[in-house]
>>> print(open('my_file32.tsv').read())   # TSV, C-alpha atoms and all ligand atoms
chain	number	residue	atom	x	y	z
A	1218	MET	CA	-2.20	-104.31	50.82
A	1219	ASN	CA	-5.54	-103.14	52.16
A	1220	GLU	CA	-6.43	-99.48	51.87
A	1221	ARG	CA	-5.36	-97.58	54.98
A	1222	ILE	CA	-8.02	-96.89	57.61
A	1223	TYR	CA	-7.40	-93.60	59.40
A	1224	LEU	CA	-8.23	-92.64	62.95
A	1225	SER	CA	-10.35	-89.57	62.25
A	1226	PRO	CA	-9.92	-88.12	58.75
A	1227	PRO	CA	-11.74	-84.98	57.58
A	1228	CYS	CA	-15.26	-85.64	56.31
A	1229	MET	CA	-17.08	-83.08	54.19
A	1230	LEU	CA	-20.79	-83.79	54.06
A	1231	GLY	CA	-22.62	-80.64	53.04
A	1232	ARG	CA	-22.07	-77.24	51.46
A	1233	GLU	CA	-18.40	-76.90	52.50
A	1234	ARG	CA	-17.00	-76.84	48.95
A	1235	GLN	CA	-19.69	-74.49	47.67
A	1236	LEU	CA	-19.11	-72.02	50.51
A	1237	LEU	CA	-15.33	-72.20	50.06
A	1238	LEU	CA	-15.67	-71.38	46.36
A	1239	ASP	CA	-18.02	-68.55	47.23
A	1240	ALA	CA	-15.39	-67.12	49.59
A	1241	PHE	CA	-12.69	-67.53	46.94
A	1242	ASP	CA	-14.72	-65.92	44.19
A	1243	SER	CA	-15.67	-62.99	46.42
A	1244	ASN	CA	-11.91	-62.26	46.76
A	1245	TRP	CA	-12.22	-62.02	50.54
A	1246	ILE	CA	-9.03	-64.05	50.78
A	1247	ALA	CA	-8.08	-62.53	54.10
A	1248	PRO	CA	-8.25	-63.10	57.87
A	1249	LEU	CA	-11.57	-61.27	57.91
A	1250	GLY	CA	-14.64	-61.14	55.72
A	1251	PRO	CA	-18.32	-62.07	55.62
A	1252	HIS	CA	-17.75	-65.78	56.23
A	1253	VAL	CA	-15.77	-65.08	59.40
A	1254	ASN	CA	-18.58	-62.92	60.75
A	1255	ALA	CA	-21.26	-65.42	59.77
A	1256	PHE	CA	-19.29	-68.36	61.19
A	1257	GLU	CA	-18.89	-66.54	64.50
A	1258	ASN	CA	-22.60	-65.80	64.75
A	1259	GLU	CA	-23.72	-69.28	63.74
A	1260	PHE	CA	-21.22	-70.89	66.08
A	1261	ALA	CA	-22.18	-68.77	69.09
A	1262	GLN	CA	-25.80	-69.67	68.52
A	1263	ARG	CA	-25.00	-73.36	68.24
A	1264	VAL	CA	-23.14	-73.54	71.54
A	1265	GLY	CA	-25.53	-71.21	73.35
A	1266	MET	CA	-23.10	-68.37	74.04
A	1267	LYS	CA	-23.59	-64.74	73.10
A	1268	HIS	CA	-20.28	-64.11	71.33
A	1269	ALA	CA	-17.67	-66.02	69.37
A	1270	ALA	CA	-14.29	-65.00	68.00
A	1271	ALA	CA	-12.84	-67.12	65.21
A	1272	VAL	CA	-9.09	-67.73	65.53
A	1273	SER	CA	-6.33	-69.64	63.80
A	1274	SER	CA	-6.28	-72.62	66.17
A	1275	GLY	CA	-7.68	-74.06	69.37
A	1276	THR	CA	-4.32	-73.39	70.99
A	1277	ALA	CA	-4.60	-69.69	70.07
A	1278	ALA	CA	-8.10	-69.63	71.60
A	1279	LEU	CA	-6.72	-71.11	74.84
A	1280	HIS	CA	-3.88	-68.59	74.94
A	1281	LEU	CA	-6.33	-65.70	74.48
A	1282	ALA	CA	-8.74	-67.15	77.07
A	1283	LEU	CA	-5.97	-67.13	79.67
A	1284	LEU	CA	-4.93	-63.57	78.74
A	1285	LEU	CA	-8.56	-62.40	78.98
A	1286	THR	CA	-8.85	-64.00	82.42
A	1287	GLY	CA	-5.83	-62.02	83.56
A	1288	VAL	CA	-3.60	-65.04	84.12
A	1289	GLY	CA	0.02	-63.91	84.17
A	1290	PRO	CA	3.56	-64.73	85.33
A	1291	GLY	CA	3.68	-66.80	88.49
A	1292	ASP	CA	-0.07	-67.45	88.63
A	1293	ARG	CA	-1.33	-70.99	88.99
A	1294	VAL	CA	-4.00	-72.61	86.84
A	1295	VAL	CA	-5.66	-75.87	87.86
A	1296	THR	CA	-6.26	-78.13	84.88
A	1297	SER	CA	-6.84	-81.72	83.89
A	1298	SER	CA	-3.82	-83.98	83.58
A	1299	PHE	CA	-5.57	-86.18	81.02
A	1300	THR	CA	-5.45	-83.91	77.98
A	1301	PHE	CA	-3.53	-82.96	74.88
A	1302	ALA	CA	-0.40	-80.88	75.51
A	1303	ALA	CA	-1.95	-77.74	73.97
A	1304	THR	CA	-4.04	-77.16	77.12
A	1305	ALA	CA	-1.04	-77.10	79.41
A	1306	ASN	CA	1.24	-75.37	76.90
A	1307	ALA	CA	-1.14	-72.41	76.77
A	1308	ILE	CA	-0.70	-72.01	80.55
A	1309	LYS	CA	3.06	-71.82	79.97
A	1310	TYR	CA	2.60	-69.21	77.19
A	1311	VAL	CA	1.42	-66.74	79.86
A	1312	SER	CA	4.26	-67.81	82.20
A	1313	ALA	CA	1.84	-69.38	84.65
A	1314	GLU	CA	2.15	-72.76	86.37
A	1315	PRO	CA	-0.22	-75.66	85.71
A	1316	VAL	CA	-1.51	-77.69	88.65
A	1317	PHE	CA	-2.67	-81.04	87.30
A	1318	VAL	CA	-5.71	-82.91	88.60
A	1319	ASP	CA	-6.37	-86.59	87.89
A	1320	SER	CA	-9.46	-88.00	86.13
A	1321	GLU	CA	-12.50	-89.72	87.59
A	1322	TRP	CA	-13.58	-93.09	86.17
A	1323	THR	CA	-17.17	-91.97	85.44
A	1324	SER	CA	-16.26	-89.42	82.75
A	1325	TRP	CA	-12.45	-89.67	82.40
A	1326	ASN	CA	-12.50	-85.92	82.97
A	1327	MET	CA	-11.24	-83.86	85.92
A	1328	ASP	CA	-12.33	-85.48	89.21
A	1329	PRO	CA	-14.42	-82.86	91.08
A	1330	ASN	CA	-13.52	-84.34	94.46
A	1331	LEU	CA	-9.84	-83.98	93.71
A	1332	LEU	CA	-10.43	-80.45	92.43
A	1333	ARG	CA	-12.06	-79.52	95.73
A	1334	GLU	CA	-9.28	-81.18	97.69
A	1335	CYS	CA	-6.72	-79.29	95.61
A	1336	LEU	CA	-8.42	-75.92	96.10
A	1337	GLN	CA	-8.88	-76.46	99.83
A	1338	LYS	CA	-5.18	-77.13	100.13
A	1339	CYS	CA	-4.36	-74.07	98.00
A	1340	ARG	CA	-6.61	-71.91	100.18
A	1341	SER	CA	-5.07	-73.15	103.40
A	1342	GLU	CA	-1.65	-72.24	101.98
A	1343	ASN	CA	-3.01	-68.90	100.81
A	1344	ARG	CA	-2.10	-69.46	97.18
A	1345	LEU	CA	-5.34	-69.99	95.32
A	1346	PRO	CA	-5.02	-70.41	91.55
A	1347	LYS	CA	-6.10	-67.69	89.14
A	1348	ALA	CA	-8.43	-69.97	87.18
A	1349	VAL	CA	-9.70	-73.49	86.63
A	1350	LEU	CA	-9.22	-74.83	83.10
A	1351	THR	CA	-11.32	-77.93	82.49
A	1352	VAL	CA	-11.08	-80.18	79.45
A	1353	ASP	CA	-14.03	-82.02	77.88
A	1354	ILE	CA	-12.04	-85.00	76.78
A	1355	LEU	CA	-12.70	-87.26	73.78
A	1356	GLY	CA	-16.14	-85.81	73.03
A	1357	GLN	CA	-17.49	-85.76	76.57
A	1358	CYS	CA	-18.36	-82.97	79.02
A	1359	CYS	CA	-17.10	-82.86	82.60
A	1360	ASP	CA	-19.30	-83.18	85.68
A	1361	TYR	CA	-20.16	-79.49	85.51
A	1362	ALA	CA	-22.88	-79.72	88.16
A	1363	SER	CA	-20.05	-80.30	90.63
A	1364	ILE	CA	-17.27	-78.31	88.98
A	1365	GLN	CA	-19.30	-75.12	88.48
A	1366	ALA	CA	-20.41	-75.24	92.13
A	1367	ILE	CA	-16.81	-75.63	93.27
A	1368	CYS	CA	-15.64	-72.72	91.08
A	1369	SER	CA	-18.39	-70.51	92.54
A	1370	GLU	CA	-17.54	-71.55	96.06
A	1371	PHE	CA	-13.89	-70.59	95.57
A	1372	GLU	CA	-14.81	-67.61	93.37
A	1373	LEU	CA	-12.63	-68.80	90.52
A	1374	PRO	CA	-13.18	-68.20	86.81
A	1375	LEU	CA	-13.78	-71.33	84.75
A	1376	ILE	CA	-12.27	-71.76	81.30
A	1377	GLU	CA	-13.54	-74.71	79.28
A	1378	ASP	CA	-11.30	-76.45	76.76
A	1379	ALA	CA	-14.04	-77.95	74.59
A	1380	ALA	CA	-11.71	-78.58	71.64
A	1381	GLU	CA	-12.71	-82.25	71.51
A	1382	ALA	CA	-16.34	-81.92	72.51
A	1383	LEU	CA	-18.19	-79.75	69.98
A	1384	GLY	CA	-21.70	-81.21	69.72
A	1385	ALA	CA	-21.72	-82.87	73.14
A	1386	THR	CA	-24.22	-81.96	75.85
A	1387	TYR	CA	-24.46	-82.24	79.62
A	1388	GLN	CA	-27.81	-81.76	81.37
A	1389	ASN	CA	-29.10	-80.64	77.99
A	1390	ARG	CA	-26.60	-77.82	77.71
A	1391	PRO	CA	-23.99	-77.76	74.95
A	1392	ALA	CA	-20.27	-78.25	75.54
A	1393	GLY	CA	-18.72	-74.81	75.55
A	1394	SER	CA	-21.54	-73.19	77.54
A	1395	PHE	CA	-20.23	-74.02	81.02
A	1396	GLY	CA	-17.20	-71.78	81.35
A	1397	ASP	CA	-16.80	-68.01	81.48
A	1398	ILE	CA	-14.87	-68.62	78.29
A	1399	ALA	CA	-14.69	-71.78	76.17
A	1400	CYS	CA	-12.32	-72.81	73.40
A	1401	PHE	CA	-12.81	-75.03	70.36
A	1402	SER	CA	-10.55	-76.48	67.66
A	1403	PHE	CA	-11.12	-77.18	63.97
A	1404	ASN	CA	-7.88	-79.08	63.49
A	1405	GLY	CA	-7.90	-81.78	60.78
A	1406	ASN	CA	-8.87	-84.65	63.09
A	1407	LYS	CA	-11.57	-82.92	65.12
A	1408	ILE	CA	-15.29	-83.65	64.70
A	1409	ILE	CA	-15.57	-80.71	62.32
A	1410	THR	CA	-12.53	-79.23	60.64
A	1411	THR	CA	-11.42	-76.22	58.64
A	1412	SER	CA	-7.97	-77.87	58.15
A	1413	GLY	CA	-6.89	-75.66	61.04
A	1414	GLY	CA	-8.73	-73.14	63.14
A	1415	GLY	CA	-10.34	-72.42	66.46
A	1416	MET	CA	-13.06	-70.48	68.24
A	1417	LEU	CA	-13.33	-68.64	71.52
A	1418	VAL	CA	-16.83	-68.21	72.95
A	1419	THR	CA	-18.05	-66.07	75.84
A	1420	ASN	CA	-21.14	-64.24	77.05
A	1421	SER	CA	-19.13	-61.07	77.58
A	1422	ALA	CA	-19.16	-58.59	74.69
A	1423	ASP	CA	-16.08	-56.88	76.15
A	1424	ARG	CA	-14.13	-60.09	76.25
A	1425	ALA	CA	-15.09	-61.04	72.71
A	1426	ALA	CA	-13.99	-57.60	71.49
A	1427	LYS	CA	-10.75	-57.91	73.46
A	1428	ALA	CA	-10.12	-61.36	71.98
A	1429	ARG	CA	-10.50	-60.00	68.44
A	1430	HIS	CA	-8.28	-57.04	69.31
A	1431	LEU	CA	-5.48	-59.23	70.68
A	1432	ALA	CA	-5.84	-61.64	67.75
A	1433	THR	CA	-5.37	-58.77	65.27
A	1434	GLN	CA	-1.97	-57.49	66.52
A	1435	ALA	CA	-3.72	-55.32	69.16
A	1436	ARG	CA	-4.08	-52.43	66.79
A	1437	ASP	CA	-5.59	-49.34	68.40
A	1438	PRO	CA	-8.23	-47.31	66.57
A	1439	ALA	CA	-6.20	-44.80	64.53
A	1440	PRO	CA	-5.57	-44.22	60.82
A	1441	HIS	CA	-1.93	-45.20	61.29
A	1442	TYR	CA	-0.59	-48.26	63.11
A	1443	GLU	CA	-0.82	-47.53	66.83
A	1444	HIS	CA	-0.22	-50.20	69.47
A	1445	SER	CA	-0.39	-49.97	73.24
A	1446	GLU	CA	-0.02	-53.66	74.10
A	1447	VAL	CA	1.46	-56.85	72.68
A	1448	GLY	CA	-0.84	-58.46	70.13
A	1449	TYR	CA	-0.93	-61.68	68.15
A	1450	ASN	CA	-1.74	-62.75	64.62
A	1451	TYR	CA	-4.43	-65.25	65.50
A	1452	ARG	CA	-7.39	-64.48	63.21
A	1453	LEU	CA	-9.03	-67.15	61.06
A	1454	SER	CA	-8.98	-66.91	57.26
A	1455	ASN	CA	-12.28	-66.12	55.53
A	1456	LEU	CA	-11.69	-69.15	53.27
A	1457	LEU	CA	-11.43	-71.47	56.25
A	1458	ALA	CA	-14.42	-69.87	57.97
A	1459	ALA	CA	-16.45	-70.72	54.86
A	1460	ILE	CA	-15.51	-74.40	55.23
A	1461	GLY	CA	-16.33	-74.16	58.93
A	1462	ARG	CA	-19.83	-72.87	58.20
A	1463	GLY	CA	-20.48	-75.80	55.90
A	1464	GLN	CA	-19.16	-78.24	58.52
A	1465	LEU	CA	-21.22	-76.69	61.31
A	1466	GLU	CA	-24.41	-77.21	59.30
A	1467	VAL	CA	-23.79	-80.97	59.35
A	1468	LEU	CA	-22.46	-81.26	62.91
A	1469	ASP	CA	-25.47	-83.28	64.06
A	1470	GLU	CA	-24.89	-85.81	61.30
A	1471	HIS	CA	-21.24	-86.17	62.39
A	1472	VAL	CA	-22.35	-86.79	65.97
A	1473	ARG	CA	-24.98	-89.30	64.85
A	1474	ARG	CA	-22.43	-91.24	62.79
A	1475	ARG	CA	-19.76	-91.26	65.48
A	1476	ARG	CA	-22.20	-92.46	68.08
A	1477	GLY	CA	-23.28	-95.17	65.66
A	1478	ILE	CA	-19.67	-96.24	65.18
A	1479	PHE	CA	-19.20	-96.41	68.95
A	1480	GLU	CA	-22.26	-98.64	69.27
A	1481	VAL	CA	-20.96	-101.09	66.69
A	1482	TYR	CA	-17.63	-101.31	68.54
A	1483	GLN	CA	-19.45	-101.66	71.86
A	1484	ASN	CA	-21.56	-104.56	70.62
A	1485	ALA	CA	-18.63	-106.34	69.00
A	1486	LEU	CA	-15.99	-105.82	71.68
A	1487	SER	CA	-17.45	-105.44	75.13
A	1488	GLU	CA	-18.35	-109.12	75.54
A	1489	ARG	CA	-14.68	-110.05	75.42
A	1490	PRO	CA	-12.97	-110.37	78.81
A	1491	GLY	CA	-10.54	-107.52	79.35
A	1492	LEU	CA	-12.12	-105.09	76.89
A	1493	THR	CA	-14.18	-102.08	78.02
A	1494	LEU	CA	-15.13	-98.85	76.30
A	1495	MET	CA	-15.14	-95.26	77.54
A	1496	PRO	CA	-18.16	-94.68	79.79
A	1497	GLU	CA	-20.75	-91.96	79.21
A	1498	ILE	CA	-21.29	-89.50	82.06
A	1499	PRO	CA	-24.79	-89.68	83.62
A	1500	GLY	CA	-26.83	-86.76	82.29
A	1501	GLY	CA	-24.46	-86.26	79.40
A	1502	LYS	CA	-24.42	-87.11	75.72
A	1503	SER	CA	-20.95	-87.71	74.33
A	1504	THR	CA	-20.23	-87.17	70.64
A	1505	ARG	CA	-17.97	-90.24	70.79
A	1506	TRP	CA	-15.45	-88.13	68.87
A	1507	LEU	CA	-13.05	-91.05	69.27
A	1508	THR	CA	-14.03	-94.49	70.48
A	1509	VAL	CA	-11.52	-95.46	73.15
A	1510	LEU	CA	-11.02	-99.05	74.18
A	1511	LEU	CA	-9.42	-100.08	77.47
A	1512	ILE	CA	-7.44	-103.28	77.16
A	1513	ASP	CA	-6.66	-105.12	80.39
A	1514	PRO	CA	-3.61	-107.17	79.38
A	1515	GLN	CA	-4.17	-109.81	82.10
A	1516	LYS	CA	-7.71	-110.55	81.06
A	1517	PHE	CA	-7.40	-109.99	77.31
A	1518	GLY	CA	-4.08	-111.79	77.05
A	1519	GLU	CA	-2.40	-109.02	75.10
A	1520	ASP	CA	-1.47	-105.43	75.90
A	1521	ARG	CA	-2.55	-102.21	74.24
A	1522	GLU	CA	0.74	-101.67	72.42
A	1523	SER	CA	0.74	-105.14	70.91
A	1524	VAL	CA	-2.84	-104.67	69.69
A	1525	ARG	CA	-1.88	-101.29	68.23
A	1526	GLN	CA	1.02	-102.85	66.34
A	1527	ARG	CA	-1.19	-105.62	64.97
A	1528	LEU	CA	-3.66	-103.02	63.71
A	1529	GLU	CA	-0.80	-101.01	62.19
A	1530	ALA	CA	0.50	-104.13	60.43
A	1531	ALA	CA	-2.96	-104.43	58.86
A	1532	ASN	CA	-2.72	-100.77	57.77
A	1533	ILE	CA	-5.18	-99.55	60.40
A	1534	GLU	CA	-4.35	-96.40	62.32
A	1535	SER	CA	-5.04	-96.44	66.06
A	1536	ARG	CA	-3.40	-94.44	68.82
A	1537	PRO	CA	-2.81	-94.65	72.56
A	1538	ALA	CA	-5.07	-92.36	74.61
A	1539	TRP	CA	-3.45	-89.10	75.79
A	1540	LYS	CA	-0.43	-89.54	78.00
A	1541	PRO	CA	-1.21	-87.54	81.17
A	1542	MET	CA	0.55	-84.20	81.51
A	1543	HIS	CA	1.98	-84.99	84.95
A	1544	CYS	CA	3.91	-87.85	83.30
A	1545	GLN	CA	5.32	-85.71	80.46
A	1546	PRO	CA	9.00	-84.73	80.60
A	1547	ILE	CA	8.17	-81.07	79.88
A	1548	PHE	CA	5.88	-80.83	82.94
A	1549	GLN	CA	8.07	-82.71	85.40
A	1550	GLY	CA	8.08	-81.05	88.77
A	1551	CYS	CA	4.60	-79.55	88.29
A	1552	GLU	CA	2.10	-80.18	91.05
A	1553	PHE	CA	-0.25	-83.12	90.60
A	1554	VAL	CA	-3.27	-84.11	92.66
A	1555	GLY	CA	-4.65	-87.61	92.33
A	1556	GLY	CA	-3.80	-91.24	91.81
A	1557	ASN	CA	-3.45	-93.52	88.83
A	1558	VAL	CA	-6.68	-93.06	86.86
A	1559	SER	CA	-5.36	-91.03	83.94
A	1560	LEU	CA	-2.15	-93.05	83.86
A	1561	GLN	CA	-4.11	-96.28	83.69
A	1562	ILE	CA	-6.31	-94.91	80.90
A	1563	PHE	CA	-3.12	-94.06	79.02
A	1564	GLU	CA	-1.53	-97.46	79.62
A	1565	GLN	CA	-4.61	-99.42	78.60
A	1566	GLY	CA	-6.43	-97.01	76.29
A	1567	LEU	CA	-6.45	-97.30	72.52
A	1568	CYS	CA	-8.29	-94.84	70.25
A	1569	LEU	CA	-9.90	-96.73	67.39
A	1570	PRO	CA	-10.76	-95.47	63.89
A	1571	SER	CA	-13.84	-93.32	64.49
A	1572	GLY	CA	-14.11	-90.96	61.53
A	1573	SER	CA	-17.56	-89.90	60.36
A	1574	SER	CA	-16.81	-91.46	56.96
A	1575	LEU	CA	-15.82	-94.89	58.33
A	1576	SER	CA	-17.77	-97.52	56.40
A	1577	TRP	CA	-19.33	-100.66	57.83
A	1578	GLU	CA	-16.82	-102.79	55.87
A	1579	GLN	CA	-13.90	-100.83	57.23
A	1580	GLN	CA	-15.16	-101.08	60.77
A	1581	LYS	CA	-15.68	-104.81	60.37
A	1582	ARG	CA	-12.05	-105.12	59.29
A	1583	VAL	CA	-10.87	-103.20	62.38
A	1584	ILE	CA	-12.91	-105.44	64.67
A	1585	GLU	CA	-11.73	-108.65	62.99
A	1586	VAL	CA	-8.08	-107.68	63.25
A	1587	LEU	CA	-8.54	-106.47	66.81
A	1588	LEU	CA	-10.15	-109.69	67.97
A	1589	GLY	CA	-7.50	-111.65	66.17
A	1590	SER	CA	-9.71	-113.61	63.82
A	1591	THR	CA	-7.57	-112.70	60.80
A	1592	ARG	CA	-4.24	-113.07	62.55
B	1601	LIG	C1	-6.92	-80.33	69.50
B	1601	LIG	C2	-6.87	-79.84	70.89
B	1601	LIG	C3	-6.40	-78.57	71.22
B	1601	LIG	C4	-5.68	-77.68	70.26
B	1601	LIG	O1	-6.33	-77.34	69.12
B	1601	LIG	P1	-5.50	-76.90	67.82
B	1601	LIG	O2	-6.55	-76.36	66.93
B	1601	LIG	O3	-4.84	-78.12	67.28
B	1601	LIG	O4	-4.51	-75.86	68.24
B	1601	LIG	C5	-6.50	-78.14	72.54
B	1601	LIG	N1	-7.01	-78.94	73.49
B	1601	LIG	C6	-7.44	-80.18	73.23
B	1601	LIG	C7	-8.00	-81.00	74.34
B	1601	LIG	C8	-7.36	-80.68	71.93
B	1601	LIG	O5	-7.74	-81.94	71.68
>>> encode(input="my_file32.tsv", output="structure tokens")
Amino acid sequence: MNERIYLSPPCMLGRERQLLLDAFDSNWIAPLGPHVNAFENEFAQRVGMKHAAAVSSGTAALHLALLLTGVGPGDRVVTSSFTFAATANAIKYVSAEPVFVDSEWTSWNMDPNLLRECLQKCRSENRLPKAVLTVDILGQCCDYASIQAICSEFELPLIEDAAEALGATYQNRPAGSFGDIACFSFNGNKIITTSGGGMLVTNSADRAAKARHLATQARDPAPHYEHSEVGYNYRLSNLLAAIGRGQLEVLDEHVRRRRGIFEVYQNALSERPGLTLMPEIPGGKSTRWLTVLLIDPQKFGEDRESVRQRLEAANIESRPAWKPMHCQPIFQGCEFVGGNVSLQIFEQGLCLPSGSSLSWEQQKRVIEVLLGSTR
């Protein structure tokens, strides 16, 4: 049996191990320490925001972002339907209601026209949402020229879920710099990983301080344990922050490799009838975190699920693109604005092995199996 090819395994390229051992040997084996502080500073600088708070996961960052925005029970939050469940779950954590908006074909992210339509309707019914929560899906920023203008027009705070888009840019600005608050993830399959972890970034010193406060059990300044609100245990370990620093130093190399992998797939696959790859938004540079292939079953002669099973039989991991939230059992009955774009991306979309450590030989094997030449 061939060695298994994974979708997006961790890839350590630089000083990660050295920094981890430094953290270990310093005995700062705690959810605070010099590597946490340094990681926060280096990260904020990288994404062009003034402050960063390191947390235990991207989901924790999203939860805190909603709390900091004042979203609470009964509030509505407009978000993208085409995302991972963590985005929408975080809205539920604060007992608010998600309103899902469909994708546009140009970026696969939230369609600005539908967002406007949705907000106009909300305003006419006098029930505007408390915030807009965009998602930069699969390594690519949204159309922020439009979305930021719409948020200003309706005077709504913008939260950016950039968990999948660290390293991407739009109009030469980094992913994570478009919202009032943005959230990142360092889960095992993300473009950089700490095994698990997340980051919240903002230009507001107060919000960053509040995020750290809430993430540390909301302990008030006092020699004893004094608490005047509900807190969480969401801080990132100093050991993991050390790995994160090492990974951040080589982020550009990860982006370069993933874009290279995309290009190889593009050249090998896009000539075939029925196969197209995820587009890149005009003015934006995607990290190509995952290469996603759309398979039109009529034209290709085989559907996405059958291709996925053939790859699996050859010990190659691939995965359907995110199933939209408005089609998930848990979010049934939630409002949805749009048509069939995200659903069609789900039905036809297959994420291909895209890890930064994917070799040319491995990629060749994926392409051969996919095109059926070794069937
Ligand atoms: C991975 C991911 C998250 C959650 O991050 P975790 O670190 O796994 O909690 C949130 N949103 C999106 C879009 C993601 O892909």
>>> residues_near_ligand(input="my_file32.tsv", ligand="ligand LIG 1601 (chain B)", cutoff="8 Å", atoms="all atoms listed in the file", output="count of residues only")
30
>>> closest_residue(input="my_file32.tsv", among="A:Gly1555, A:Thr1411, A:Pro1391, A:Ser1576", to="Gly1477 (chain A)", atoms="all atoms listed in the file")
A:Ser1576
>>> closest_residue(input="my_file32.tsv", among="A:Gly1405, A:Pro1438, A:Gly1289, A:Gly1448", to="Ile1460 (chain A)", atoms="only C-alpha atoms")
A:Gly1405
>>> residues_around(input="my_file32.tsv", residues="Met1327 (chain A)", least_positions_apart="5", cutoff="7 Å", atoms="only C-alpha atoms", output="ChimeraX atom specification")
/A:1297,1318-1321,1351,1359
>>> axis_aligned_box(input="my_file32.tsv", around="region 1367-1383 of chain A", padding_each_side="8 Å", output="AutoDock Vina command-line options")
--center_x -14.8 --center_y -74.9 --center_z 83.0 --size_x 23.1 --size_y 30.6 --size_z 42.1
>>> residues_around(input="my_file32.tsv", residues="region 1454-1459 of chain A", least_positions_apart="6", cutoff="6 Å", atoms="all atoms listed in the file", output="mmCIF file with C-alpha atoms, in the frame of the given file")
data_model
loop_
_atom_site.group_PDB
_atom_site.id
_atom_site.type_symbol
_atom_site.label_atom_id
_atom_site.label_comp_id
_atom_site.auth_asym_id
_atom_site.auth_seq_id
_atom_site.Cartn_x
_atom_site.Cartn_y
_atom_site.Cartn_z
ATOM 1 C CA LEU A 1236 -19.110 -72.020 50.510
ATOM 2 C CA LEU A 1237 -15.330 -72.200 50.060
ATOM 3 C CA ALA A 1240 -15.390 -67.120 49.590
ATOM 4 C CA ALA A 1247 -8.080 -62.530 54.100
ATOM 5 C CA PRO A 1248 -8.250 -63.100 57.870
ATOM 6 C CA LEU A 1249 -11.570 -61.270 57.910
ATOM 7 C CA GLY A 1250 -14.640 -61.140 55.720
ATOM 8 C CA HIS A 1252 -17.750 -65.780 56.230
ATOM 9 C CA VAL A 1253 -15.770 -65.080 59.400
ATOM 10 C CA THR A 1411 -11.420 -76.220 58.640
#
>>> closest_residue(input="my_file32.tsv", among="A:Gln1565, A:Ser1225, A:Asn1420, A:Asn1557", to="Leu1492 (chain A)", atoms="only C-alpha atoms")
A:Gln1565
>>> residues_around(input="my_file32.tsv", residues="region 1584-1589 of chain A", least_positions_apart="5", cutoff="8 Å", atoms="all atoms listed in the file", output="list of chain:residue names")
A:Tyr1482, A:Ala1485, A:Leu1486, A:Val1524, A:Arg1527, A:Leu1528, A:Ala1531
>>> atom_distance(input="my_file32.tsv", atom1="CA of Thr1323 (chain A)", atom2="CA of Glu1370 (chain A)")
23.0 Å
>>> closest_residue(input="my_file32.tsv", among="A:Gly1356, A:Pro1440, A:Gly1461, A:Gly1393", to="Pro1496 (chain A)", atoms="only C-alpha atoms")
A:Gly1356
>>> atom_distance(input="my_file32.tsv", atom1="CA of Gln1515 (chain A)", atom2="CA of Leu1560 (chain A)")
17.0 Å
>>> decode(input="my_file32.tsv", residues="region 1432-1440 of chain A", atoms="N, CA, C and O atoms", output="PDB file, in the first residue's frame")
ATOM      1  N   ALA A1432     -10.462  35.826  29.133  1.00  0.00           N
ATOM      2  CA  ALA A1432      -9.805  34.541  28.837  1.00  0.00           C
ATOM      3  C   ALA A1432      -9.065  33.984  30.046  1.00  0.00           C
ATOM      4  O   ALA A1432      -8.598  32.852  30.025  1.00  0.00           O
ATOM      5  N   THR A1433      -8.942  34.795  31.088  1.00  0.00           N
ATOM      6  CA  THR A1433      -8.213  34.381  32.300  1.00  0.00           C
ATOM      7  C   THR A1433      -9.170  34.336  33.483  1.00  0.00           C
ATOM      8  O   THR A1433      -8.869  34.825  34.567  1.00  0.00           O
ATOM      9  N   GLN A1434     -10.364  33.788  33.294  1.00  0.00           N
ATOM     10  CA  GLN A1434     -11.376  33.609  34.343  1.00  0.00           C
ATOM     11  C   GLN A1434     -11.883  34.949  34.894  1.00  0.00           C
ATOM     12  O   GLN A1434     -12.426  34.981  35.995  1.00  0.00           O
ATOM     13  N   ALA A1435     -11.690  36.028  34.152  1.00  0.00           N
ATOM     14  CA  ALA A1435     -12.188  37.356  34.564  1.00  0.00           C
ATOM     15  C   ALA A1435     -11.837  37.664  36.026  1.00  0.00           C
ATOM     16  O   ALA A1435     -12.690  38.006  36.839  1.00  0.00           O
ATOM     17  N   ARG A1436     -10.577  37.532  36.316  1.00  0.00           N
ATOM     18  CA  ARG A1436     -10.121  37.791  37.676  1.00  0.00           C
ATOM     19  C   ARG A1436      -9.860  39.278  37.860  1.00  0.00           C
ATOM     20  O   ARG A1436      -9.111  39.886  37.097  1.00  0.00           O
ATOM     21  N   ASP A1437     -10.492  39.865  38.846  1.00  0.00           N
ATOM     22  CA  ASP A1437     -10.305  41.296  39.126  1.00  0.00           C
ATOM     23  C   ASP A1437      -8.972  41.528  39.824  1.00  0.00           C
ATOM     24  O   ASP A1437      -8.454  40.628  40.474  1.00  0.00           O
ATOM     25  N   PRO A1438      -8.418  42.746  39.697  1.00  0.00           N
ATOM     26  CA  PRO A1438      -7.162  43.021  40.394  1.00  0.00           C
ATOM     27  C   PRO A1438      -7.379  43.042  41.908  1.00  0.00           C
ATOM     28  O   PRO A1438      -8.071  43.923  42.420  1.00  0.00           O
ATOM     29  N   ALA A1439      -6.844  42.051  42.577  1.00  0.00           N
ATOM     30  CA  ALA A1439      -6.933  41.930  44.041  1.00  0.00           C
ATOM     31  C   ALA A1439      -5.986  40.809  44.439  1.00  0.00           C
ATOM     32  O   ALA A1439      -5.707  39.929  43.622  1.00  0.00           O
ATOM     33  N   PRO A1440      -5.456  40.832  45.658  1.00  0.00           N
ATOM     34  CA  PRO A1440      -4.545  39.748  46.060  1.00  0.00           C
ATOM     35  C   PRO A1440      -5.269  38.404  46.154  1.00  0.00           C
ATOM     36  O   PRO A1440      -4.687  37.358  45.886  1.00  0.00           O
TER      37      PRO A1440
END
